[in-house]
$ cat entry.pdb   # PDB, C-alpha atoms and all ligand atoms
ATOM      1  CA  MET M1033       0.000   0.000   0.000  1.00  0.00           C
ATOM      2  CA  ARG M1034       1.253   3.488  -0.823  1.00  0.00           C
ATOM      3  CA  ILE M1035       2.162   5.527   2.212  1.00  0.00           C
ATOM      4  CA  ASP M1036      -0.153   8.407   1.225  1.00  0.00           C
ATOM      5  CA  LYS M1037      -3.050   5.958   0.823  1.00  0.00           C
ATOM      6  CA  LEU M1038      -2.423   4.618   4.320  1.00  0.00           C
ATOM      7  CA  LEU M1039      -2.414   8.134   5.783  1.00  0.00           C
ATOM      8  CA  SER M1040      -5.556   9.112   3.943  1.00  0.00           C
ATOM      9  CA  GLU M1041      -7.414   5.901   4.912  1.00  0.00           C
ATOM     10  CA  MET M1042      -6.446   6.435   8.547  1.00  0.00           C
ATOM     11  CA  GLY M1043      -7.868   9.957   8.295  1.00  0.00           C
ATOM     12  CA  LYS M1044      -4.504  11.582   8.991  1.00  0.00           C
ATOM     13  CA  ALA M1045      -3.936  13.604   5.838  1.00  0.00           C
ATOM     14  CA  THR M1046      -5.013  14.031   2.265  1.00  0.00           C
ATOM     15  CA  ARG M1047      -2.552  12.862  -0.364  1.00  0.00           C
ATOM     16  CA  LYS M1048      -1.531  16.458  -1.000  1.00  0.00           C
ATOM     17  CA  GLU M1049      -0.923  17.122   2.702  1.00  0.00           C
ATOM     18  CA  SER M1050       1.084  13.898   2.976  1.00  0.00           C
ATOM     19  CA  ALA M1051       3.317  14.974   0.093  1.00  0.00           C
ATOM     20  CA  ARG M1052       3.918  18.349   1.751  1.00  0.00           C
ATOM     21  CA  LEU M1053       4.625  16.855   5.171  1.00  0.00           C
ATOM     22  CA  ALA M1054       6.946  14.243   3.666  1.00  0.00           C
ATOM     23  CA  ARG M1055       9.001  17.043   2.098  1.00  0.00           C
ATOM     24  CA  LEU M1056       9.244  18.574   5.570  1.00  0.00           C
ATOM     25  CA  GLY M1057      10.627  15.293   6.928  1.00  0.00           C
ATOM     26  CA  LYS M1058       7.546  14.548   9.055  1.00  0.00           C
ATOM     27  CA  ILE M1059       7.077  10.952   7.887  1.00  0.00           C
ATOM     28  CA  LEU M1060       9.285   8.077   8.988  1.00  0.00           C
ATOM     29  CA  VAL M1061       9.117   4.490   7.790  1.00  0.00           C
ATOM     30  CA  ASN M1062      10.962   1.969   9.954  1.00  0.00           C
ATOM     31  CA  GLY M1063      12.930   4.797  11.514  1.00  0.00           C
ATOM     32  CA  ALA M1064      14.038   6.481   8.275  1.00  0.00           C
ATOM     33  CA  VAL M1065      12.676   9.796   7.011  1.00  0.00           C
ATOM     34  CA  ILE M1066      10.972   9.456   3.631  1.00  0.00           C
ATOM     35  CA  LYS M1067      10.734  12.442   1.333  1.00  0.00           C
ATOM     36  CA  LYS M1068       8.244  11.050  -1.186  1.00  0.00           C
ATOM     37  CA  CYS M1069       4.874   9.425  -0.591  1.00  0.00           C
ATOM     38  CA  ASP M1070       4.787   7.005  -3.509  1.00  0.00           C
ATOM     39  CA  MET M1071       6.686   4.448  -1.487  1.00  0.00           C
ATOM     40  CA  HIS M1072       4.889   1.139  -0.980  1.00  0.00           C
ATOM     41  CA  ILE M1073       4.785  -0.314   2.498  1.00  0.00           C
ATOM     42  CA  ASP M1074       3.219  -3.266   4.254  1.00  0.00           C
ATOM     43  CA  PRO M1075       0.822  -1.547   6.692  1.00  0.00           C
ATOM     44  CA  GLU M1076       0.710  -4.627   8.924  1.00  0.00           C
ATOM     45  CA  LYS M1077       4.492  -4.904   9.284  1.00  0.00           C
ATOM     46  CA  ASP M1078       6.189  -1.567   8.614  1.00  0.00           C
ATOM     47  CA  THR M1079       6.338   1.079  11.332  1.00  0.00           C
ATOM     48  CA  VAL M1080       5.052   4.440  10.161  1.00  0.00           C
ATOM     49  CA  ILE M1081       5.446   7.589  12.232  1.00  0.00           C
ATOM     50  CA  PHE M1082       3.475  10.597  11.039  1.00  0.00           C
ATOM     51  CA  CYS M1083       4.172  13.948  12.733  1.00  0.00           C
ATOM     52  CA  GLY M1084       5.445  12.052  15.760  1.00  0.00           C
ATOM     53  CA  GLU M1085       2.463   9.689  15.949  1.00  0.00           C
ATOM     54  CA  ARG M1086       2.698   5.948  15.331  1.00  0.00           C
ATOM     55  CA  ILE M1087       0.100   5.032  12.720  1.00  0.00           C
ATOM     56  CA  VAL M1088      -1.636   1.745  13.394  1.00  0.00           C
ATOM     57  CA  TYR M1089      -3.371   0.404  10.338  1.00  0.00           C
ATOM     58  CA  LYS M1090      -6.960  -0.693  10.620  1.00  0.00           C
ATOM     59  CA  ARG M1091      -8.802  -1.533   7.456  1.00  0.00           C
ATOM     60  CA  PHE M1092     -12.261  -0.472   8.613  1.00  0.00           C
ATOM     61  CA  THR M1093     -13.646   1.836  11.279  1.00  0.00           C
ATOM     62  CA  TYR M1094     -16.797   1.156  13.318  1.00  0.00           C
ATOM     63  CA  ILE M1095     -18.286   3.915  15.404  1.00  0.00           C
ATOM     64  CA  MET M1096     -21.167   3.932  17.875  1.00  0.00           C
ATOM     65  CA  MET M1097     -22.958   7.267  18.110  1.00  0.00           C
ATOM     66  CA  ASN M1098     -25.753   8.466  20.342  1.00  0.00           C
ATOM     67  CA  LYS M1099     -27.687  10.341  17.692  1.00  0.00           C
ATOM     68  CA  PRO M1100     -29.349  13.542  18.832  1.00  0.00           C
ATOM     69  CA  GLU M1101     -32.513  15.007  17.391  1.00  0.00           C
ATOM     70  CA  GLY M1102     -32.248  17.281  14.356  1.00  0.00           C
ATOM     71  CA  TYR M1103     -29.596  15.392  12.364  1.00  0.00           C
ATOM     72  CA  VAL M1104     -30.290  13.382   9.224  1.00  0.00           C
ATOM     73  CA  SER M1105     -28.815   9.935   8.628  1.00  0.00           C
ATOM     74  CA  ALA M1106     -26.865  10.741   5.488  1.00  0.00           C
ATOM     75  CA  THR M1107     -23.322  11.584   4.487  1.00  0.00           C
ATOM     76  CA  GLU M1108     -24.320  14.875   2.852  1.00  0.00           C
ATOM     77  CA  ASP M1109     -27.380  17.030   2.703  1.00  0.00           C
ATOM     78  CA  GLY M1110     -27.705  20.380   1.036  1.00  0.00           C
ATOM     79  CA  ARG M1111     -29.861  21.832   3.832  1.00  0.00           C
ATOM     80  CA  GLU M1112     -29.748  19.703   6.977  1.00  0.00           C
ATOM     81  CA  MET M1113     -26.998  18.789   9.423  1.00  0.00           C
ATOM     82  CA  THR M1114     -25.990  15.138   9.025  1.00  0.00           C
ATOM     83  CA  VAL M1115     -24.685  12.684  11.607  1.00  0.00           C
ATOM     84  CA  LEU M1116     -21.283  13.016   9.889  1.00  0.00           C
ATOM     85  CA  ASP M1117     -21.202  16.648  11.040  1.00  0.00           C
ATOM     86  CA  LEU M1118     -20.888  15.318  14.598  1.00  0.00           C
ATOM     87  CA  LEU M1119     -17.528  13.734  13.811  1.00  0.00           C
ATOM     88  CA  PRO M1120     -14.161  15.483  13.738  1.00  0.00           C
ATOM     89  CA  GLU M1121     -12.395  16.123  10.443  1.00  0.00           C
ATOM     90  CA  GLU M1122     -10.051  13.170  10.943  1.00  0.00           C
ATOM     91  CA  GLU M1123     -12.976  10.728  11.086  1.00  0.00           C
ATOM     92  CA  ARG M1124     -14.893  12.389   8.256  1.00  0.00           C
ATOM     93  CA  ARG M1125     -11.936  11.775   5.934  1.00  0.00           C
ATOM     94  CA  LYS M1126     -12.453   8.040   6.334  1.00  0.00           C
ATOM     95  CA  GLU M1127     -15.541   7.947   4.104  1.00  0.00           C
ATOM     96  CA  LEU M1128     -17.794   6.715   6.881  1.00  0.00           C
ATOM     97  CA  PHE M1129     -21.529   6.362   6.357  1.00  0.00           C
ATOM     98  CA  PRO M1130     -24.463   5.554   8.649  1.00  0.00           C
ATOM     99  CA  CYS M1131     -25.275   1.837   8.768  1.00  0.00           C
ATOM    100  CA  GLY M1132     -29.044   2.224   8.423  1.00  0.00           C
ATOM    101  CA  ARG M1133     -31.257   5.232   8.878  1.00  0.00           C
ATOM    102  CA  LEU M1134     -32.933   6.902  11.794  1.00  0.00           C
ATOM    103  CA  ASP M1135     -35.441   9.693  11.180  1.00  0.00           C
ATOM    104  CA  LYS M1136     -34.329  13.253  11.852  1.00  0.00           C
ATOM    105  CA  ASN M1137     -36.216  13.312  15.152  1.00  0.00           C
ATOM    106  CA  THR M1138     -35.282   9.751  16.226  1.00  0.00           C
ATOM    107  CA  LEU M1139     -32.538   9.458  18.834  1.00  0.00           C
ATOM    108  CA  GLY M1140     -30.088   6.859  19.963  1.00  0.00           C
ATOM    109  CA  LEU M1141     -27.867   4.099  18.695  1.00  0.00           C
ATOM    110  CA  MET M1142     -26.375   4.659  15.289  1.00  0.00           C
ATOM    111  CA  ILE M1143     -23.471   2.719  13.797  1.00  0.00           C
ATOM    112  CA  LEU M1144     -21.177   4.461  11.337  1.00  0.00           C
ATOM    113  CA  THR M1145     -18.636   2.562   9.300  1.00  0.00           C
ATOM    114  CA  ASN M1146     -16.716   2.485   6.044  1.00  0.00           C
ATOM    115  CA  ASP M1147     -17.126  -1.277   5.738  1.00  0.00           C
ATOM    116  CA  GLY M1148     -19.614  -1.412   2.866  1.00  0.00           C
ATOM    117  CA  GLU M1149     -19.791  -5.169   2.602  1.00  0.00           C
ATOM    118  CA  ASN M1150     -20.645  -5.793   6.244  1.00  0.00           C
ATOM    119  CA  ALA M1151     -23.016  -2.826   6.412  1.00  0.00           C
ATOM    120  CA  HIS M1152     -24.875  -4.285   3.456  1.00  0.00           C
ATOM    121  CA  ARG M1153     -25.063  -7.652   5.198  1.00  0.00           C
ATOM    122  CA  LEU M1154     -26.316  -6.091   8.448  1.00  0.00           C
ATOM    123  CA  LEU M1155     -28.994  -4.127   6.626  1.00  0.00           C
ATOM    124  CA  SER M1156     -30.128  -6.871   4.301  1.00  0.00           C
ATOM    125  CA  PRO M1157     -33.771  -7.800   5.040  1.00  0.00           C
ATOM    126  CA  LYS M1158     -32.905 -11.484   4.754  1.00  0.00           C
ATOM    127  CA  ASN M1159     -30.634 -11.297   7.797  1.00  0.00           C
ATOM    128  CA  HIS M1160     -33.401 -10.072  10.149  1.00  0.00           C
ATOM    129  CA  VAL M1161     -31.080  -8.020  12.365  1.00  0.00           C
ATOM    130  CA  SER M1162     -33.165  -7.008  15.365  1.00  0.00           C
ATOM    131  CA  LYS M1163     -33.397  -3.414  16.547  1.00  0.00           C
ATOM    132  CA  THR M1164     -35.058  -2.304  19.769  1.00  0.00           C
ATOM    133  CA  TYR M1165     -36.538   1.161  20.251  1.00  0.00           C
ATOM    134  CA  ARG M1166     -37.863   2.886  23.337  1.00  0.00           C
ATOM    135  CA  PHE M1167     -41.036   4.696  22.430  1.00  0.00           C
ATOM    136  CA  LYS M1168     -43.817   6.852  23.747  1.00  0.00           C
ATOM    137  CA  SER M1169     -47.144   7.174  22.012  1.00  0.00           C
ATOM    138  CA  LYS M1170     -49.808   9.851  22.073  1.00  0.00           C
ATOM    139  CA  LEU M1171     -52.579   7.474  23.113  1.00  0.00           C
ATOM    140  CA  PRO M1172     -52.617   4.344  25.267  1.00  0.00           C
ATOM    141  CA  ILE M1173     -52.011   1.053  23.467  1.00  0.00           C
ATOM    142  CA  SER M1174     -54.626  -1.594  24.225  1.00  0.00           C
ATOM    143  CA  GLU M1175     -53.834  -5.292  24.523  1.00  0.00           C
ATOM    144  CA  GLY M1176     -55.674  -5.877  21.215  1.00  0.00           C
ATOM    145  CA  GLU M1177     -53.630  -3.197  19.430  1.00  0.00           C
ATOM    146  CA  LYS M1178     -50.409  -4.589  20.882  1.00  0.00           C
ATOM    147  CA  GLN M1179     -51.310  -8.013  19.487  1.00  0.00           C
ATOM    148  CA  ARG M1180     -52.178  -6.611  16.060  1.00  0.00           C
ATOM    149  CA  LEU M1181     -48.854  -4.763  15.960  1.00  0.00           C
ATOM    150  CA  GLU M1182     -46.934  -7.838  17.100  1.00  0.00           C
ATOM    151  CA  LEU M1183     -48.511 -10.140  14.543  1.00  0.00           C
ATOM    152  CA  GLY M1184     -47.835  -7.801  11.618  1.00  0.00           C
ATOM    153  CA  ILE M1185     -49.841  -4.857  10.417  1.00  0.00           C
ATOM    154  CA  ASP M1186     -50.619  -3.200   7.082  1.00  0.00           C
ATOM    155  CA  ILE M1187     -48.623   0.032   6.818  1.00  0.00           C
ATOM    156  CA  GLY M1188     -49.958   0.996   3.406  1.00  0.00           C
ATOM    157  CA  GLY M1189     -49.653  -2.019   1.166  1.00  0.00           C
ATOM    158  CA  TYR M1190     -46.984  -3.779   3.210  1.00  0.00           C
ATOM    159  CA  ILE M1191     -47.615  -6.171   6.099  1.00  0.00           C
ATOM    160  CA  THR M1192     -44.883  -5.813   8.693  1.00  0.00           C
ATOM    161  CA  LYS M1193     -43.058  -8.888   9.997  1.00  0.00           C
ATOM    162  CA  PRO M1194     -43.906 -10.088  13.517  1.00  0.00           C
ATOM    163  CA  CYS M1195     -42.335  -7.924  16.201  1.00  0.00           C
ATOM    164  CA  LYS M1196     -42.157  -7.831  20.000  1.00  0.00           C
ATOM    165  CA  ILE M1197     -43.607  -5.101  22.211  1.00  0.00           C
ATOM    166  CA  LYS M1198     -43.016  -4.701  25.961  1.00  0.00           C
ATOM    167  CA  LEU M1199     -45.223  -2.034  27.475  1.00  0.00           C
ATOM    168  CA  ASP M1200     -44.057  -0.365  30.681  1.00  0.00           C
ATOM    169  CA  GLY M1201     -46.903   2.128  30.842  1.00  0.00           C
ATOM    170  CA  GLU M1202     -50.112   2.467  28.903  1.00  0.00           C
ATOM    171  CA  ALA M1203     -48.433   4.617  26.223  1.00  0.00           C
ATOM    172  CA  SER M1204     -44.741   3.718  26.461  1.00  0.00           C
ATOM    173  CA  GLY M1205     -42.405   0.753  26.198  1.00  0.00           C
ATOM    174  CA  GLU M1206     -39.980  -1.029  23.909  1.00  0.00           C
ATOM    175  CA  ILE M1207     -40.546  -2.411  20.451  1.00  0.00           C
ATOM    176  CA  THR M1208     -38.211  -4.823  18.674  1.00  0.00           C
ATOM    177  CA  ILE M1209     -38.412  -5.095  14.912  1.00  0.00           C
ATOM    178  CA  THR M1210     -36.281  -7.112  12.507  1.00  0.00           C
ATOM    179  CA  GLU M1211     -36.689  -4.951   9.428  1.00  0.00           C
ATOM    180  CA  GLY M1212     -36.352  -1.287   8.607  1.00  0.00           C
ATOM    181  CA  LYS M1213     -39.026   0.067   6.316  1.00  0.00           C
ATOM    182  CA  TYR M1214     -39.258   3.811   5.887  1.00  0.00           C
ATOM    183  CA  HIS M1215     -40.748   5.390   9.059  1.00  0.00           C
ATOM    184  CA  GLN M1216     -41.740   1.854  10.029  1.00  0.00           C
ATOM    185  CA  ILE M1217     -42.597   2.272  13.708  1.00  0.00           C
ATOM    186  CA  LYS M1218     -44.390   5.579  13.162  1.00  0.00           C
ATOM    187  CA  ARG M1219     -46.455   4.017  10.393  1.00  0.00           C
ATOM    188  CA  MET M1220     -47.211   0.955  12.530  1.00  0.00           C
ATOM    189  CA  LEU M1221     -48.597   3.137  15.311  1.00  0.00           C
ATOM    190  CA  GLU M1222     -50.556   5.196  12.788  1.00  0.00           C
ATOM    191  CA  ALA M1223     -52.075   1.956  11.490  1.00  0.00           C
ATOM    192  CA  VAL M1224     -53.764   1.521  14.911  1.00  0.00           C
ATOM    193  CA  GLY M1225     -54.875   5.171  15.044  1.00  0.00           C
ATOM    194  CA  ASN M1226     -52.039   6.262  17.328  1.00  0.00           C
ATOM    195  CA  LYS M1227     -48.911   8.413  16.993  1.00  0.00           C
ATOM    196  CA  ILE M1228     -45.286   8.096  18.108  1.00  0.00           C
ATOM    197  CA  THR M1229     -44.203  11.047  20.253  1.00  0.00           C
ATOM    198  CA  TYR M1230     -40.724   9.763  21.217  1.00  0.00           C
ATOM    199  CA  LEU M1231     -38.450   7.221  19.542  1.00  0.00           C
ATOM    200  CA  GLU M1232     -34.976   6.161  20.595  1.00  0.00           C
ATOM    201  CA  ARG M1233     -33.034   3.173  19.292  1.00  0.00           C
ATOM    202  CA  ILE M1234     -31.367   1.285  22.126  1.00  0.00           C
ATOM    203  CA  THR M1235     -30.062  -1.857  20.410  1.00  0.00           C
ATOM    204  CA  PHE M1236     -28.787  -2.815  16.987  1.00  0.00           C
ATOM    205  CA  GLY M1237     -28.241  -6.573  16.582  1.00  0.00           C
ATOM    206  CA  PRO M1238     -25.961  -7.634  19.453  1.00  0.00           C
ATOM    207  CA  LEU M1239     -25.022  -4.058  20.390  1.00  0.00           C
ATOM    208  CA  SER M1240     -26.633  -1.868  23.049  1.00  0.00           C
ATOM    209  CA  LEU M1241     -26.421   1.891  23.243  1.00  0.00           C
ATOM    210  CA  ASP M1242     -23.619   2.917  25.586  1.00  0.00           C
ATOM    211  CA  THR M1243     -25.537   5.043  28.076  1.00  0.00           C
ATOM    212  CA  SER M1244     -22.351   6.906  29.055  1.00  0.00           C
ATOM    213  CA  LEU M1245     -22.451   8.577  25.633  1.00  0.00           C
ATOM    214  CA  GLU M1246     -24.267  11.899  25.757  1.00  0.00           C
ATOM    215  CA  ARG M1247     -26.456  12.803  22.807  1.00  0.00           C
ATOM    216  CA  GLY M1248     -24.171  13.663  19.904  1.00  0.00           C
ATOM    217  CA  GLU M1249     -21.198  11.813  21.392  1.00  0.00           C
ATOM    218  CA  TRP M1250     -19.505   8.855  19.763  1.00  0.00           C
ATOM    219  CA  ARG M1251     -16.808   6.263  20.352  1.00  0.00           C
ATOM    220  CA  TYR M1252     -15.163   3.421  18.468  1.00  0.00           C
ATOM    221  CA  LEU M1253     -16.676  -0.025  18.952  1.00  0.00           C
ATOM    222  CA  SER M1254     -14.572  -2.146  21.297  1.00  0.00           C
ATOM    223  CA  GLU M1255     -12.866  -5.179  19.796  1.00  0.00           C
ATOM    224  CA  ASN M1256     -15.442  -7.393  21.416  1.00  0.00           C
ATOM    225  CA  GLU M1257     -18.369  -5.358  20.077  1.00  0.00           C
ATOM    226  CA  GLU M1258     -16.836  -5.374  16.607  1.00  0.00           C
ATOM    227  CA  LYS M1259     -16.439  -9.137  16.770  1.00  0.00           C
ATOM    228  CA  LYS M1260     -20.036  -9.667  17.924  1.00  0.00           C
ATOM    229  CA  LEU M1261     -21.380  -7.398  15.214  1.00  0.00           C
ATOM    230  CA  LEU M1262     -19.348  -8.913  12.420  1.00  0.00           C
ATOM    231  CA  GLU M1263     -19.751 -12.505  13.476  1.00  0.00           C
ATOM    232  CA  GLY M1264     -23.485 -12.035  13.708  1.00  0.00           C
ATOM    233  CA  GLU M1265     -23.727 -13.184  17.316  1.00  0.00           C
ATOM    234  CA  ASN M1266     -27.301 -12.722  18.633  1.00  0.00           C
ATOM    235  CA  ILE M1267     -28.461 -11.373  15.310  1.00  0.00           C
TER     236      ILE M1267
HETATM  237  N1  LIG M1301     -39.059   3.617  12.730  1.00  0.00           N
HETATM  238  C1  LIG M1301     -39.393   4.907  12.532  1.00  0.00           C
HETATM  239  O1  LIG M1301     -40.544   5.232  12.335  1.00  0.00           O
HETATM  240  N2  LIG M1301     -38.415   5.827  12.574  1.00  0.00           N
HETATM  241  C2  LIG M1301     -37.123   5.531  12.813  1.00  0.00           C
HETATM  242  O2  LIG M1301     -36.269   6.428  12.851  1.00  0.00           O
HETATM  243  C3  LIG M1301     -36.782   4.191  13.029  1.00  0.00           C
HETATM  244  C4  LIG M1301     -37.773   3.238  12.984  1.00  0.00           C
END

$ encode --input "entry.pdb" --output "C-alpha cells"
Amino acid sequence: MRIDKLLSEMGKATRKESARLARLGKILVNGAVIKKCDMHIDPEKDTVIFCGERIVYKRFTYIMMNKPEGYVSATEDGREMTVLDLLPEEERRKELFPCGRLDKNTLGLMILTNDGENAHRLLSPKNHVSKTYRFKSKLPISEGEKQRLELGIDIGGYITKPCKIKLDGEASGEITITEGKYHQIKRMLEAVGNKITYLERITFGPLSLDTSLERGEWRYLSENEEKKLLEGENI
C-alpha cells in the first residue's frame, strides 16, 4: 500500500498534505525519514510515524454514536446537518456512512462505518437483524392493538413482519423489529390510530447503546463489540 493511501485511509492527511509533510521530513518508515509518498509499504508490518504519531493500520472503522434530534442519517445534505457533522475532520476523511437510517427526530444508537460489505449484510432484510426502540405514544395502546402490531400490520400495502412489544406504561415501552421500512414504527402506530411522540433506538443486533455517551457523542466499537457485530452473534 502506498504511504499516502495509508495516511488518507487512517484519516490523517489528504494525499496532498502527505506529500507536503513528507518534504518537511515529518514521515518516517521503519525509523528512516521518507521524502516522497509514492513508497509502498506493508501496513501490517512496517512502522510508520506521522508527525510524531505511530500510525496503526486498521482496514475499517466502526463507530457507535448516540444520535441527537435534528440530524439526518446521510453523508451529505444540502440543507440539513448530518450525523457526519458530529464527527471530527479526521474521522470524516475516512468515508464513513451511517449503517441504516434513523429519522431526523429519532434518537439513539447509530453505527457508522466504512465497511460497505458488512453494512450491506447487516442491513439486508434477509438477515433479520433485530433493533429495539424505546417509544412513547400519544394514546394508550390496548392489549388488542399490541397483538395486532406484534402479529404484523398493514402500513400501506406492506404487512410488517412479527415484532415484539413490551409495554411499561399504557403509552410507552420497547418495540423490537427485525426490518427497517421507511418510518416503520411511526407508520405501525398510525395503522392503529395512534402516533409516536418519542423514539430512541437502544439496540442494533448484538449491540446496546452505551448510556455513558451523551447525545451527539460517539466512540469506536470495542474489539469485542466489533467481533459480535461482524460474526453475527445474537443477530
Ligand atoms: N421507525 C421509525 O418510524 N423511525 C425511525 O427512525 C426508526 C424506525

$ residues_near_ligand --input "entry.pdb" --ligand "ligand LIG 1301 (chain M)" --cutoff "7 Å" --atoms "only C-alpha atoms and all ligand atoms" --output "list in words"
Arg1133, Leu1134, Asp1135, Thr1138, Gly1212, Tyr1214, His1215, Gln1216, Ile1217, Lys1218 and Arg1219 of chain M

$ residues_near_point --input "entry.pdb" --point "(-3.4, 7.8, 10.6)" --cutoff "8 Å" --atoms "all atoms listed in the file" --output "list in words"
Leu1038, Leu1039, Ser1040, Glu1041, Met1042, Gly1043, Lys1044, Ala1045, Phe1082, Arg1086, Ile1087, Val1088 and Tyr1089 of chain M

$ resolve_selection --input "entry.pdb" --expression "the PyMOL selection byres (((chain M and resi 1079) around 8) and not hetatm)" --output "compact mmCIF listing (two decimals) with C-alpha atoms, in the coordinates of the input"
# COMPACT_ATOMS: atom_id res chain seq x y z
CA LEU M 1060 9.28 8.08 8.99
CA VAL M 1061 9.12 4.49 7.79
CA ASN M 1062 10.96 1.97 9.95
CA GLY M 1063 12.93 4.80 11.51
CA PRO M 1075 0.82 -1.55 6.69
CA LYS M 1077 4.49 -4.90 9.28
CA ASP M 1078 6.19 -1.57 8.61
CA VAL M 1080 5.05 4.44 10.16
CA ILE M 1081 5.45 7.59 12.23
CA ARG M 1086 2.70 5.95 15.33
CA ILE M 1087 0.10 5.03 12.72

$ atom_distance --input "entry.pdb" --atom1 "CA of Arg1166 (chain M)" --atom2 "CA of Glu1211 (chain M)"
16.0 Å

$ residues_around --input "entry.pdb" --residues "Leu1231 (chain M)" --least-positions-apart "6" --cutoff "8 Å" --atoms "only C-alpha atoms" --output "MDAnalysis selection string"
chainID M and resid 1137:1139 1165:1168

$ resolve_selection --input "entry.pdb" --expression "the PyMOL selection byres (((chain M and resi 1142-1147) around 6) and not hetatm)" --output "ChimeraX atom specification"
/M:1092-1097,1127-1131,1141,1148-1150

$ atom_distance --input "entry.pdb" --atom1 "CA of Asp1074 (chain M)" --atom2 "CA of Arg1034 (chain M)"
8.7 Å

$ atom_distance --input "entry.pdb" --atom1 "CA of Gly1201 (chain M)" --atom2 "CA of Glu1177 (chain M)"
14.3 Å

$ closest_residue --input "entry.pdb" --among "M:Leu1116, M:Val1104, M:Ile1228, M:Met1033" --to "Cys1069 (chain M)" --atoms "only C-alpha atoms"
M:Met1033

$ resolve_selection --input "entry.pdb" --expression "the PyMOL selection byres (((chain M and resi 1066) around 12) and not hetatm)" --output "PDB file with C-alpha atoms, in the coordinates of the input"
ATOM      1  CA  ILE M1035       2.162   5.527   2.212  1.00  0.00           C
ATOM      2  CA  ASP M1036      -0.153   8.407   1.225  1.00  0.00           C
ATOM      3  CA  SER M1050       1.084  13.898   2.976  1.00  0.00           C
ATOM      4  CA  ALA M1051       3.317  14.974   0.093  1.00  0.00           C
ATOM      5  CA  ARG M1052       3.918  18.349   1.751  1.00  0.00           C
ATOM      6  CA  LEU M1053       4.625  16.855   5.171  1.00  0.00           C
ATOM      7  CA  ALA M1054       6.946  14.243   3.666  1.00  0.00           C
ATOM      8  CA  ARG M1055       9.001  17.043   2.098  1.00  0.00           C
ATOM      9  CA  LEU M1056       9.244  18.574   5.570  1.00  0.00           C
ATOM     10  CA  GLY M1057      10.627  15.293   6.928  1.00  0.00           C
ATOM     11  CA  LYS M1058       7.546  14.548   9.055  1.00  0.00           C
ATOM     12  CA  ILE M1059       7.077  10.952   7.887  1.00  0.00           C
ATOM     13  CA  LEU M1060       9.285   8.077   8.988  1.00  0.00           C
ATOM     14  CA  VAL M1061       9.117   4.490   7.790  1.00  0.00           C
ATOM     15  CA  ASN M1062      10.962   1.969   9.954  1.00  0.00           C
ATOM     16  CA  GLY M1063      12.930   4.797  11.514  1.00  0.00           C
ATOM     17  CA  ALA M1064      14.038   6.481   8.275  1.00  0.00           C
ATOM     18  CA  VAL M1065      12.676   9.796   7.011  1.00  0.00           C
ATOM     19  CA  LYS M1067      10.734  12.442   1.333  1.00  0.00           C
ATOM     20  CA  LYS M1068       8.244  11.050  -1.186  1.00  0.00           C
ATOM     21  CA  CYS M1069       4.874   9.425  -0.591  1.00  0.00           C
ATOM     22  CA  ASP M1070       4.787   7.005  -3.509  1.00  0.00           C
ATOM     23  CA  MET M1071       6.686   4.448  -1.487  1.00  0.00           C
ATOM     24  CA  HIS M1072       4.889   1.139  -0.980  1.00  0.00           C
ATOM     25  CA  ILE M1073       4.785  -0.314   2.498  1.00  0.00           C
ATOM     26  CA  VAL M1080       5.052   4.440  10.161  1.00  0.00           C
ATOM     27  CA  ILE M1081       5.446   7.589  12.232  1.00  0.00           C
ATOM     28  CA  PHE M1082       3.475  10.597  11.039  1.00  0.00           C
TER      29      PHE M1082
END

$ closest_residue --input "entry.pdb" --among "M:Ile1197, M:Glu1123, M:Leu1262, M:Leu1154" --to "Ser1174 (chain M)" --atoms "all atoms listed in the file"
M:Ile1197

$ closest_residue --input "entry.pdb" --among "M:Leu1245, M:Ala1151, M:Ala1223, M:Cys1195" --to "Thr1210 (chain M)" --atoms "all atoms listed in the file"
M:Cys1195

$ residues_around --input "entry.pdb" --residues "Glu1202 (chain M)" --least-positions-apart "5" --cutoff "10 Å" --atoms "only C-alpha atoms" --output "PyMOL selection string"
chain M and resi 1168-1169+1171-1175
